[in-house]
Amino acid sequence: MSQEPRGLEELLARFRYRPDEESGGLAQIPTQTVEPDQEPRADELQLLTFGLGAGEYAVALGTVTEILRARTLTEIPRARPPLLGVLNLRGTITPVYDPSLRLGIPSTVPPCAGPDCAPPPRPARILVVRTALGPAGVWVDRVRGVQRVRTGGLERPRGGPTGGVIGLLRTAEGSRTVVDPEWLLR
Amino acid sequence: MSAEPQTLDVCAFWVGEAIYGIDVARVDEILPRVVPLPVAEGPAHVEGVVHVQGTVVPIVDLRKLLPAGTPPRTAKPKVILARIGRRRVGLRVDGMAGVRRYTVAEIRPGGSVPGVLAVTADECRLLDLRGLLAVRAAPPRVPL
């Protein structure tokens, strides 16, 4: 290719994409870089916070594979609490449970299985959790978001973990109970 | 010069009456329907910003930077999510024209349009995306 005009090579070099090329001249356009800005640090914990009835709870983010908008479930005849119904999650039959029984609080989940029930409330979500028996869903009333917490910022129960309660997180808005999602299903 | 690849893969798209192309390696995604959020005091060619997978991406209307005209009736407007260095930018185009492979011999330098580096044998104008977006000076700010 040595007989190619020098100019064309330079033009094509400008045309081709290089990940390290200069993009500083675009500062007037508001943008972010392609790579996510901050990785979670080693001593940091990412918690997915959600609400159930009047209480606020959290689970470790890594335990939740997916958050679904709550939808009408398929009923199971004679299903007893905490089982609410099942859900077809892209071909995998996924049971959905009501965590309020485990937490000892009055249930706030409306009838949500079967064709006759009303559509679920808009803020309701189903957290899909990976368990030893496959994916399972946990019905929650609302999902708040992800919170980064220093591991030391979590108040642990004195006598080690009690039941599925891992700790208590105190924030300006109130305190949240950090629970083990698998315990909610057991 | 053996390191120089012989062919060039180009993502081609319509803007107005002409076909333009950028390096396919720049293209992350083609978004069919995008409603950007307008930016106050932004440059005129920036339609606004959108959230794409958690990052904020500006949408640049290439129709305002390149000679406008009537696009072909079959063209469907799209937004090309392209990379410039480590940044991403969305390019509003009139329609996609496919991915084309050109040999270096099919490309001739130059073009009358600013921002166009070279033109291929079938009149696909190869864009200097970085130059096209960087040369725009910010509009003079009106003092309060």
# chains A, B, ... in the order shown; residues from 1 in each chain; ligands from 1

$ select_by_dssp --residues "chain A" --states "helix (DSSP H, G or I)" --output "PDB file with C-alpha atoms, in the first residue's frame"
ATOM      1  CA  ARG A   6      -0.201   9.876   2.169  1.00  0.00           C
ATOM      2  CA  GLY A   7      -3.247  12.045   2.674  1.00  0.00           C
ATOM      3  CA  LEU A   8      -5.737   9.208   2.380  1.00  0.00           C
ATOM      4  CA  GLU A   9      -3.998   7.168   5.036  1.00  0.00           C
ATOM      5  CA  GLU A  10      -4.149  10.090   7.394  1.00  0.00           C
ATOM      6  CA  LEU A  11      -7.792  10.621   6.578  1.00  0.00           C
ATOM      7  CA  LEU A  12      -8.600   6.985   7.252  1.00  0.00           C
ATOM      8  CA  ALA A  13      -6.662   7.124  10.495  1.00  0.00           C
ATOM      9  CA  ARG A  14      -8.980   9.915  11.555  1.00  0.00           C
ATOM     10  CA  PHE A  15     -11.966   7.892  10.417  1.00  0.00           C
ATOM     11  CA  GLY A  24     -11.534  16.526  24.981  1.00  0.00           C
ATOM     12  CA  GLY A  25     -12.858  18.964  22.408  1.00  0.00           C
ATOM     13  CA  LEU A  26     -16.363  17.742  23.088  1.00  0.00           C
ATOM     14  CA  LEU A  61     -27.850  -6.410  46.060  1.00  0.00           C
ATOM     15  CA  GLY A  62     -25.931  -9.433  44.820  1.00  0.00           C
ATOM     16  CA  THR A  63     -28.610 -11.833  45.982  1.00  0.00           C
ATOM     17  CA  SER A 100     -44.599 -10.627  55.629  1.00  0.00           C
ATOM     18  CA  LEU A 101     -45.360 -13.929  57.350  1.00  0.00           C
ATOM     19  CA  ARG A 102     -41.683 -14.551  57.929  1.00  0.00           C
ATOM     20  CA  LEU A 103     -41.132 -11.009  59.146  1.00  0.00           C
ATOM     21  CA  THR A 151     -19.560  -2.713  56.261  1.00  0.00           C
ATOM     22  CA  GLY A 152     -18.914  -1.106  59.630  1.00  0.00           C
ATOM     23  CA  GLY A 153     -21.982   1.099  59.272  1.00  0.00           C
ATOM     24  CA  PRO A 181     -33.649 -13.102  51.214  1.00  0.00           C
ATOM     25  CA  GLU A 182     -33.364 -16.879  51.317  1.00  0.00           C
ATOM     26  CA  TRP A 183     -34.553 -16.855  54.900  1.00  0.00           C
ATOM     27  CA  LEU A 184     -37.652 -14.970  53.793  1.00  0.00           C
ATOM     28  CA  LEU A 185     -38.574 -17.911  51.605  1.00  0.00           C
TER      29      LEU A 185
END

$ interface_residues --of "chain B" --to "chain A" --cutoff "7 Å" --atoms "only C-alpha atoms" --output "number ranges by chain"
B: 1, 23, 25-26, 55-58, 84-88, 109, 117, 127-128, 133-134

$ write_last_selection --atoms "N, CA and C atoms" --output "CSV table (one decimal), in the first residue's frame"
chain,number,residue,atom,x,y,z
B,1,MET,N,3.8,-0.5,5.7
B,1,MET,CA,2.4,-0.3,5.6
B,1,MET,C,1.6,-1.5,5.6
B,23,ASP,N,-17.2,4.7,11.1
B,23,ASP,CA,-16.5,3.4,11.4
B,23,ASP,C,-17.5,2.5,12.2
B,25,ALA,N,-16.8,0.3,14.2
B,25,ALA,CA,-16.3,0.1,15.5
B,25,ALA,C,-16.7,1.1,16.5
B,26,ARG,N,-17.2,2.3,16.0
B,26,ARG,CA,-17.7,3.3,16.8
B,26,ARG,C,-19.1,3.0,17.3
B,55,THR,N,-26.1,5.6,31.8
B,55,THR,CA,-25.3,6.7,31.5
B,55,THR,C,-26.1,7.8,30.7
B,56,VAL,N,-25.7,9.0,30.9
B,56,VAL,CA,-26.3,10.1,30.2
B,56,VAL,C,-25.6,10.3,28.9
B,57,VAL,N,-26.4,10.3,27.8
B,57,VAL,CA,-25.8,10.4,26.5
B,57,VAL,C,-26.4,11.6,25.7
B,58,PRO,N,-25.7,12.5,25.2
B,58,PRO,CA,-26.3,13.6,24.4
B,58,PRO,C,-26.7,13.1,23.1
B,84,ILE,N,-16.9,8.1,20.9
B,84,ILE,CA,-15.8,9.0,20.5
B,84,ILE,C,-14.9,9.0,21.7
B,85,GLY,N,-13.7,8.3,21.5
B,85,GLY,CA,-12.8,8.1,22.6
B,85,GLY,C,-13.6,7.3,23.6
B,86,ARG,N,-13.6,7.8,24.8
B,86,ARG,CA,-14.3,7.0,25.9
B,86,ARG,C,-15.7,7.6,26.1
B,87,ARG,N,-16.0,8.6,25.3
B,87,ARG,CA,-17.4,9.1,25.5
B,87,ARG,C,-18.3,8.5,24.5
B,88,ARG,N,-19.6,8.7,24.8
B,88,ARG,CA,-20.6,8.2,23.9
B,88,ARG,C,-21.5,9.3,23.5
B,109,PRO,N,-10.0,10.8,-1.4
B,109,PRO,CA,-10.0,11.8,-0.3
B,109,PRO,C,-10.9,13.0,-0.7
B,117,LEU,N,-14.4,13.4,5.5
B,117,LEU,CA,-13.0,13.1,5.2
B,117,LEU,C,-12.7,12.6,3.8
B,127,LEU,N,-17.4,10.3,7.5
B,127,LEU,CA,-17.4,11.4,8.4
B,127,LEU,C,-16.2,11.4,9.3
B,128,ASP,N,-15.7,12.6,9.6
B,128,ASP,CA,-14.8,12.8,10.7
B,128,ASP,C,-15.6,13.3,11.9
B,133,LEU,N,-17.9,17.3,15.6
B,133,LEU,CA,-18.5,17.7,16.8
B,133,LEU,C,-17.6,18.7,17.6
B,134,ALA,N,-16.3,18.6,17.4
B,134,ALA,CA,-15.4,19.4,18.2
B,134,ALA,C,-15.3,20.9,17.7

$ residues_around --residues "B:Phe13" --least-positions-apart "2" --cutoff "12 Å" --atoms "only C-alpha atoms" --output "count of residues only"
39

$ residues_around --residues "A:Asp180" --least-positions-apart "3" --cutoff "10 Å" --atoms "only C-alpha atoms" --output "CSV table (one decimal) with C-alpha atoms, in the first residue's frame"
chain,number,residue,atom,x,y,z
A,58,ALA,CA,-32.9,-4.1,52.6
A,59,VAL,CA,-31.2,-7.1,51.1
A,60,ALA,CA,-27.7,-7.5,49.7
A,63,THR,CA,-28.6,-11.8,46.0
A,161,PRO,CA,-27.3,-13.3,63.2
A,163,GLY,CA,-33.0,-15.8,62.1
A,164,GLY,CA,-32.5,-14.1,58.8
A,165,VAL,CA,-31.9,-10.6,60.2
A,166,ILE,CA,-28.3,-9.7,59.3
A,167,GLY,CA,-28.3,-6.2,60.8
A,177,THR,CA,-33.7,-4.1,58.6
A,183,TRP,CA,-34.6,-16.9,54.9
A,184,LEU,CA,-37.7,-15.0,53.8
A,185,LEU,CA,-38.6,-17.9,51.6

$ atom_distance --atom1 "atom CA of A:Gly51" --atom2 "atom CA of A:Arg144"
7.2 Å

$ atom_distance --atom1 "atom CA of A:Pro119" --atom2 "atom CA of A:Arg71"
6.9 Å

$ closest_residue --among "B:Gly90, B:Ala12, B:Gln53, B:Val113" --to "B:Val34" --atoms "only C-alpha atoms"
B:Gly90

$ select_by_dssp --residues "chain A" --states "strand (DSSP E)" --output "PyMOL selection string"
chain A and resi 44-52+55-60+64-69+83-89+92-97+125-131+134-140+142-150+154-155+165-171+174-179

$ atom_distance --atom1 "atom CA of B:Asp61" --atom2 "atom CA of B:Glu47"
6.3 Å

$ residues_around --residues "A:Leu73" --least-positions-apart "3" --cutoff "8 Å" --atoms "only C-alpha atoms" --output "list in words"
Leu84, Gly85, Val86, Leu87, Cys112, Ala113 and Gly114 of chain A

$ write_last_selection --atoms "N, CA and C atoms" --output "mmCIF file, in the first residue's frame"
data_model
loop_
_atom_site.group_PDB
_atom_site.id
_atom_site.type_symbol
_atom_site.label_atom_id
_atom_site.label_comp_id
_atom_site.auth_asym_id
_atom_site.auth_seq_id
_atom_site.Cartn_x
_atom_site.Cartn_y
_atom_site.Cartn_z
ATOM 1 N N LEU A 84 -47.771 -17.257 47.149
ATOM 2 C CA LEU A 84 -48.812 -16.454 46.520
ATOM 3 C C LEU A 84 -49.269 -17.069 45.200
ATOM 4 N N GLY A 85 -48.335 -17.591 44.442
ATOM 5 C CA GLY A 85 -48.666 -18.131 43.136
ATOM 6 C C GLY A 85 -47.380 -18.358 42.376
ATOM 7 N N VAL A 86 -47.505 -18.632 41.088
ATOM 8 C CA VAL A 86 -46.304 -18.829 40.294
ATOM 9 C C VAL A 86 -46.305 -17.871 39.115
ATOM 10 N N LEU A 87 -45.137 -17.773 38.545
ATOM 11 C CA LEU A 87 -44.865 -16.775 37.521
ATOM 12 C C LEU A 87 -44.030 -17.463 36.458
ATOM 13 N N CYS A 112 -53.568 -11.620 44.330
ATOM 14 C CA CYS A 112 -52.855 -11.299 43.089
ATOM 15 C C CYS A 112 -52.695 -12.512 42.190
ATOM 16 N N ALA A 113 -53.331 -13.643 42.534
ATOM 17 C CA ALA A 113 -53.182 -14.825 41.689
ATOM 18 C C ALA A 113 -54.525 -15.187 41.081
ATOM 19 N N GLY A 114 -54.496 -15.591 39.862
ATOM 20 C CA GLY A 114 -55.716 -16.008 39.207
ATOM 21 C C GLY A 114 -56.269 -14.911 38.314
#

$ residues_around --residues "A:Pro135" --least-positions-apart "2" --cutoff "12 Å" --atoms "only C-alpha atoms" --output "list in words"
Thr63, Val64, Thr65, Glu66, Val86, Leu87, Asn88, Leu89, Arg90, Gly91, Thr92, Ile93, Thr94, Pro95, Val96, Tyr97, Ile126, Leu127, Val128, Val129, Arg130, Thr131, Ala132, Leu133, Gly137, Val138, Pro181, Glu182 and Leu185 of chain A

$ decode --residues "stretch 54-103 of chain B" --atoms "N, CA and C atoms" --output "PDB file, in the first residue's frame"
ATOM      1  N   GLY B  54     -28.070   3.618  32.179  1.00  0.00           N
ATOM      2  CA  GLY B  54     -27.479   4.254  33.343  1.00  0.00           C
ATOM      3  C   GLY B  54     -26.526   5.382  33.055  1.00  0.00           C
ATOM      4  N   THR B  55     -26.140   5.607  31.807  1.00  0.00           N
ATOM      5  CA  THR B  55     -25.283   6.748  31.527  1.00  0.00           C
ATOM      6  C   THR B  55     -26.076   7.782  30.743  1.00  0.00           C
ATOM      7  N   VAL B  56     -25.666   9.025  30.901  1.00  0.00           N
ATOM      8  CA  VAL B  56     -26.331  10.114  30.203  1.00  0.00           C
ATOM      9  C   VAL B  56     -25.616  10.319  28.872  1.00  0.00           C
ATOM     10  N   VAL B  57     -26.367  10.313  27.796  1.00  0.00           N
ATOM     11  CA  VAL B  57     -25.784  10.422  26.458  1.00  0.00           C
ATOM     12  C   VAL B  57     -26.444  11.595  25.744  1.00  0.00           C
ATOM     13  N   PRO B  58     -25.656  12.518  25.204  1.00  0.00           N
ATOM     14  CA  PRO B  58     -26.251  13.611  24.433  1.00  0.00           C
ATOM     15  C   PRO B  58     -26.679  13.118  23.055  1.00  0.00           C
ATOM     16  N   ILE B  59     -27.753  13.667  22.561  1.00  0.00           N
ATOM     17  CA  ILE B  59     -28.226  13.331  21.220  1.00  0.00           C
ATOM     18  C   ILE B  59     -27.913  14.518  20.310  1.00  0.00           C
ATOM     19  N   VAL B  60     -27.077  14.267  19.317  1.00  0.00           N
ATOM     20  CA  VAL B  60     -26.673  15.306  18.374  1.00  0.00           C
ATOM     21  C   VAL B  60     -27.459  15.100  17.091  1.00  0.00           C
ATOM     22  N   ASP B  61     -28.090  16.186  16.617  1.00  0.00           N
ATOM     23  CA  ASP B  61     -28.858  16.096  15.385  1.00  0.00           C
ATOM     24  C   ASP B  61     -27.914  16.352  14.216  1.00  0.00           C
ATOM     25  N   LEU B  62     -27.539  15.275  13.521  1.00  0.00           N
ATOM     26  CA  LEU B  62     -26.619  15.444  12.391  1.00  0.00           C
ATOM     27  C   LEU B  62     -27.269  16.241  11.267  1.00  0.00           C
ATOM     28  N   ARG B  63     -28.594  16.296  11.257  1.00  0.00           N
ATOM     29  CA  ARG B  63     -29.263  17.051  10.203  1.00  0.00           C
ATOM     30  C   ARG B  63     -28.996  18.534  10.342  1.00  0.00           C
ATOM     31  N   LYS B  64     -28.608  18.964  11.548  1.00  0.00           N
ATOM     32  CA  LYS B  64     -28.286  20.381  11.738  1.00  0.00           C
ATOM     33  C   LYS B  64     -26.821  20.659  11.463  1.00  0.00           C
ATOM     34  N   LEU B  65     -25.977  19.625  11.407  1.00  0.00           N
ATOM     35  CA  LEU B  65     -24.547  19.820  11.177  1.00  0.00           C
ATOM     36  C   LEU B  65     -24.159  19.559   9.729  1.00  0.00           C
ATOM     37  N   LEU B  66     -24.992  18.816   9.025  1.00  0.00           N
ATOM     38  CA  LEU B  66     -24.660  18.445   7.649  1.00  0.00           C
ATOM     39  C   LEU B  66     -25.717  19.063   6.734  1.00  0.00           C
ATOM     40  N   PRO B  67     -25.407  19.183   5.430  1.00  0.00           N
ATOM     41  CA  PRO B  67     -26.379  19.782   4.524  1.00  0.00           C
ATOM     42  C   PRO B  67     -27.713  19.044   4.599  1.00  0.00           C
ATOM     43  N   ALA B  68     -28.759  19.778   4.856  1.00  0.00           N
ATOM     44  CA  ALA B  68     -30.069  19.149   4.992  1.00  0.00           C
ATOM     45  C   ALA B  68     -30.706  18.991   3.622  1.00  0.00           C
ATOM     46  N   GLY B  69     -31.696  18.192   3.568  1.00  0.00           N
ATOM     47  CA  GLY B  69     -32.432  17.970   2.332  1.00  0.00           C
ATOM     48  C   GLY B  69     -33.549  17.025   2.669  1.00  0.00           C
ATOM     49  N   THR B  70     -34.271  16.592   1.689  1.00  0.00           N
ATOM     50  CA  THR B  70     -35.371  15.680   1.943  1.00  0.00           C
ATOM     51  C   THR B  70     -34.834  14.255   1.957  1.00  0.00           C
ATOM     52  N   PRO B  71     -34.998  13.557   3.061  1.00  0.00           N
ATOM     53  CA  PRO B  71     -34.539  12.171   3.084  1.00  0.00           C
ATOM     54  C   PRO B  71     -35.438  11.302   2.205  1.00  0.00           C
ATOM     55  N   PRO B  72     -34.981  10.123   1.787  1.00  0.00           N
ATOM     56  CA  PRO B  72     -35.847   9.236   1.020  1.00  0.00           C
ATOM     57  C   PRO B  72     -37.057   8.833   1.846  1.00  0.00           C
ATOM     58  N   ARG B  73     -38.146   8.604   1.148  1.00  0.00           N
ATOM     59  CA  ARG B  73     -39.386   8.343   1.881  1.00  0.00           C
ATOM     60  C   ARG B  73     -39.332   7.048   2.683  1.00  0.00           C
ATOM     61  N   THR B  74     -38.467   6.139   2.269  1.00  0.00           N
ATOM     62  CA  THR B  74     -38.399   4.854   2.963  1.00  0.00           C
ATOM     63  C   THR B  74     -37.553   4.933   4.230  1.00  0.00           C
ATOM     64  N   ALA B  75     -36.851   6.040   4.433  1.00  0.00           N
ATOM     65  CA  ALA B  75     -35.944   6.123   5.573  1.00  0.00           C
ATOM     66  C   ALA B  75     -36.727   6.206   6.875  1.00  0.00           C
ATOM     67  N   LYS B  76     -36.234   5.509   7.856  1.00  0.00           N
ATOM     68  CA  LYS B  76     -36.852   5.560   9.179  1.00  0.00           C
ATOM     69  C   LYS B  76     -35.855   6.215  10.130  1.00  0.00           C
ATOM     70  N   PRO B  77     -36.235   7.297  10.789  1.00  0.00           N
ATOM     71  CA  PRO B  77     -35.282   7.979  11.672  1.00  0.00           C
ATOM     72  C   PRO B  77     -34.818   7.070  12.793  1.00  0.00           C
ATOM     73  N   LYS B  78     -33.537   7.181  13.091  1.00  0.00           N
ATOM     74  CA  LYS B  78     -32.931   6.358  14.135  1.00  0.00           C
ATOM     75  C   LYS B  78     -31.921   7.206  14.888  1.00  0.00           C
ATOM     76  N   VAL B  79     -31.505   6.688  16.032  1.00  0.00           N
ATOM     77  CA  VAL B  79     -30.388   7.294  16.760  1.00  0.00           C
ATOM     78  C   VAL B  79     -29.283   6.252  16.833  1.00  0.00           C
ATOM     79  N   ILE B  80     -28.095   6.640  16.357  1.00  0.00           N
ATOM     80  CA  ILE B  80     -26.934   5.749  16.425  1.00  0.00           C
ATOM     81  C   ILE B  80     -26.170   6.116  17.686  1.00  0.00           C
ATOM     82  N   LEU B  81     -25.959   5.124  18.527  1.00  0.00           N
ATOM     83  CA  LEU B  81     -25.172   5.350  19.734  1.00  0.00           C
ATOM     84  C   LEU B  81     -23.718   5.061  19.376  1.00  0.00           C
ATOM     85  N   ALA B  82     -22.912   6.117  19.290  1.00  0.00           N
ATOM     86  CA  ALA B  82     -21.542   5.974  18.792  1.00  0.00           C
ATOM     87  C   ALA B  82     -20.546   6.375  19.874  1.00  0.00           C
ATOM     88  N   ARG B  83     -19.347   5.851  19.732  1.00  0.00           N
ATOM     89  CA  ARG B  83     -18.278   6.165  20.681  1.00  0.00           C
ATOM     90  C   ARG B  83     -17.329   7.169  20.068  1.00  0.00           C
ATOM     91  N   ILE B  84     -16.928   8.125  20.875  1.00  0.00           N
ATOM     92  CA  ILE B  84     -15.842   9.027  20.497  1.00  0.00           C
ATOM     93  C   ILE B  84     -14.870   8.968  21.655  1.00  0.00           C
ATOM     94  N   GLY B  85     -13.733   8.309  21.451  1.00  0.00           N
ATOM     95  CA  GLY B  85     -12.836   8.083  22.564  1.00  0.00           C
ATOM     96  C   GLY B  85     -13.560   7.269  23.612  1.00  0.00           C
ATOM     97  N   ARG B  86     -13.573   7.751  24.839  1.00  0.00           N
ATOM     98  CA  ARG B  86     -14.273   7.015  25.893  1.00  0.00           C
ATOM     99  C   ARG B  86     -15.653   7.591  26.137  1.00  0.00           C
ATOM    100  N   ARG B  87     -16.041   8.554  25.328  1.00  0.00           N
ATOM    101  CA  ARG B  87     -17.367   9.124  25.487  1.00  0.00           C
ATOM    102  C   ARG B  87     -18.343   8.476  24.524  1.00  0.00           C
ATOM    103  N   ARG B  88     -19.602   8.680  24.806  1.00  0.00           N
ATOM    104  CA  ARG B  88     -20.627   8.192  23.893  1.00  0.00           C
ATOM    105  C   ARG B  88     -21.508   9.344  23.476  1.00  0.00           C
ATOM    106  N   VAL B  89     -21.977   9.244  22.271  1.00  0.00           N
ATOM    107  CA  VAL B  89     -22.845  10.287  21.755  1.00  0.00           C
ATOM    108  C   VAL B  89     -23.906   9.621  20.886  1.00  0.00           C
ATOM    109  N   GLY B  90     -25.104  10.162  20.928  1.00  0.00           N
ATOM    110  CA  GLY B  90     -26.166   9.649  20.070  1.00  0.00           C
ATOM    111  C   GLY B  90     -26.285  10.543  18.850  1.00  0.00           C
ATOM    112  N   LEU B  91     -26.375   9.939  17.684  1.00  0.00           N
ATOM    113  CA  LEU B  91     -26.446  10.707  16.435  1.00  0.00           C
ATOM    114  C   LEU B  91     -27.823  10.509  15.821  1.00  0.00           C
ATOM    115  N   ARG B  92     -28.552  11.590  15.676  1.00  0.00           N
ATOM    116  CA  ARG B  92     -29.872  11.512  15.047  1.00  0.00           C
ATOM    117  C   ARG B  92     -29.689  11.508  13.534  1.00  0.00           C
ATOM    118  N   VAL B  93     -30.143  10.449  12.889  1.00  0.00           N
ATOM    119  CA  VAL B  93     -29.998  10.345  11.442  1.00  0.00           C
ATOM    120  C   VAL B  93     -31.375  10.079  10.839  1.00  0.00           C
ATOM    121  N   ASP B  94     -31.469  10.252   9.530  1.00  0.00           N
ATOM    122  CA  ASP B  94     -32.760  10.075   8.856  1.00  0.00           C
ATOM    123  C   ASP B  94     -33.077   8.621   8.583  1.00  0.00           C
ATOM    124  N   GLY B  95     -32.074   7.770   8.511  1.00  0.00           N
ATOM    125  CA  GLY B  95     -32.338   6.353   8.265  1.00  0.00           C
ATOM    126  C   GLY B  95     -31.035   5.598   8.135  1.00  0.00           C
ATOM    127  N   MET B  96     -31.107   4.294   8.328  1.00  0.00           N
ATOM    128  CA  MET B  96     -29.894   3.486   8.211  1.00  0.00           C
ATOM    129  C   MET B  96     -29.751   3.006   6.767  1.00  0.00           C
ATOM    130  N   ALA B  97     -28.495   2.838   6.351  1.00  0.00           N
ATOM    131  CA  ALA B  97     -28.228   2.351   4.994  1.00  0.00           C
ATOM    132  C   ALA B  97     -27.322   1.128   5.021  1.00  0.00           C
ATOM    133  N   GLY B  98     -27.258   0.474   6.144  1.00  0.00           N
ATOM    134  CA  GLY B  98     -26.547  -0.795   6.213  1.00  0.00           C
ATOM    135  C   GLY B  98     -25.068  -0.658   6.528  1.00  0.00           C
ATOM    136  N   VAL B  99     -24.434  -1.811   6.710  1.00  0.00           N
ATOM    137  CA  VAL B  99     -22.987  -1.852   6.933  1.00  0.00           C
ATOM    138  C   VAL B  99     -22.341  -2.213   5.607  1.00  0.00           C
ATOM    139  N   ARG B 100     -21.353  -1.433   5.193  1.00  0.00           N
ATOM    140  CA  ARG B 100     -20.716  -1.625   3.889  1.00  0.00           C
ATOM    141  C   ARG B 100     -19.233  -1.816   4.093  1.00  0.00           C
ATOM    142  N   ARG B 101     -18.659  -2.631   3.221  1.00  0.00           N
ATOM    143  CA  ARG B 101     -17.215  -2.858   3.283  1.00  0.00           C
ATOM    144  C   ARG B 101     -16.580  -2.268   2.029  1.00  0.00           C
ATOM    145  N   TYR B 102     -15.595  -1.441   2.233  1.00  0.00           N
ATOM    146  CA  TYR B 102     -14.906  -0.811   1.111  1.00  0.00           C
ATOM    147  C   TYR B 102     -13.442  -1.188   1.147  1.00  0.00           C
ATOM    148  N   THR B 103     -12.839  -1.340  -0.031  1.00  0.00           N
ATOM    149  CA  THR B 103     -11.383  -1.449  -0.085  1.00  0.00           C
ATOM    150  C   THR B 103     -10.829  -0.033  -0.163  1.00  0.00           C
TER     151      THR B 103
END
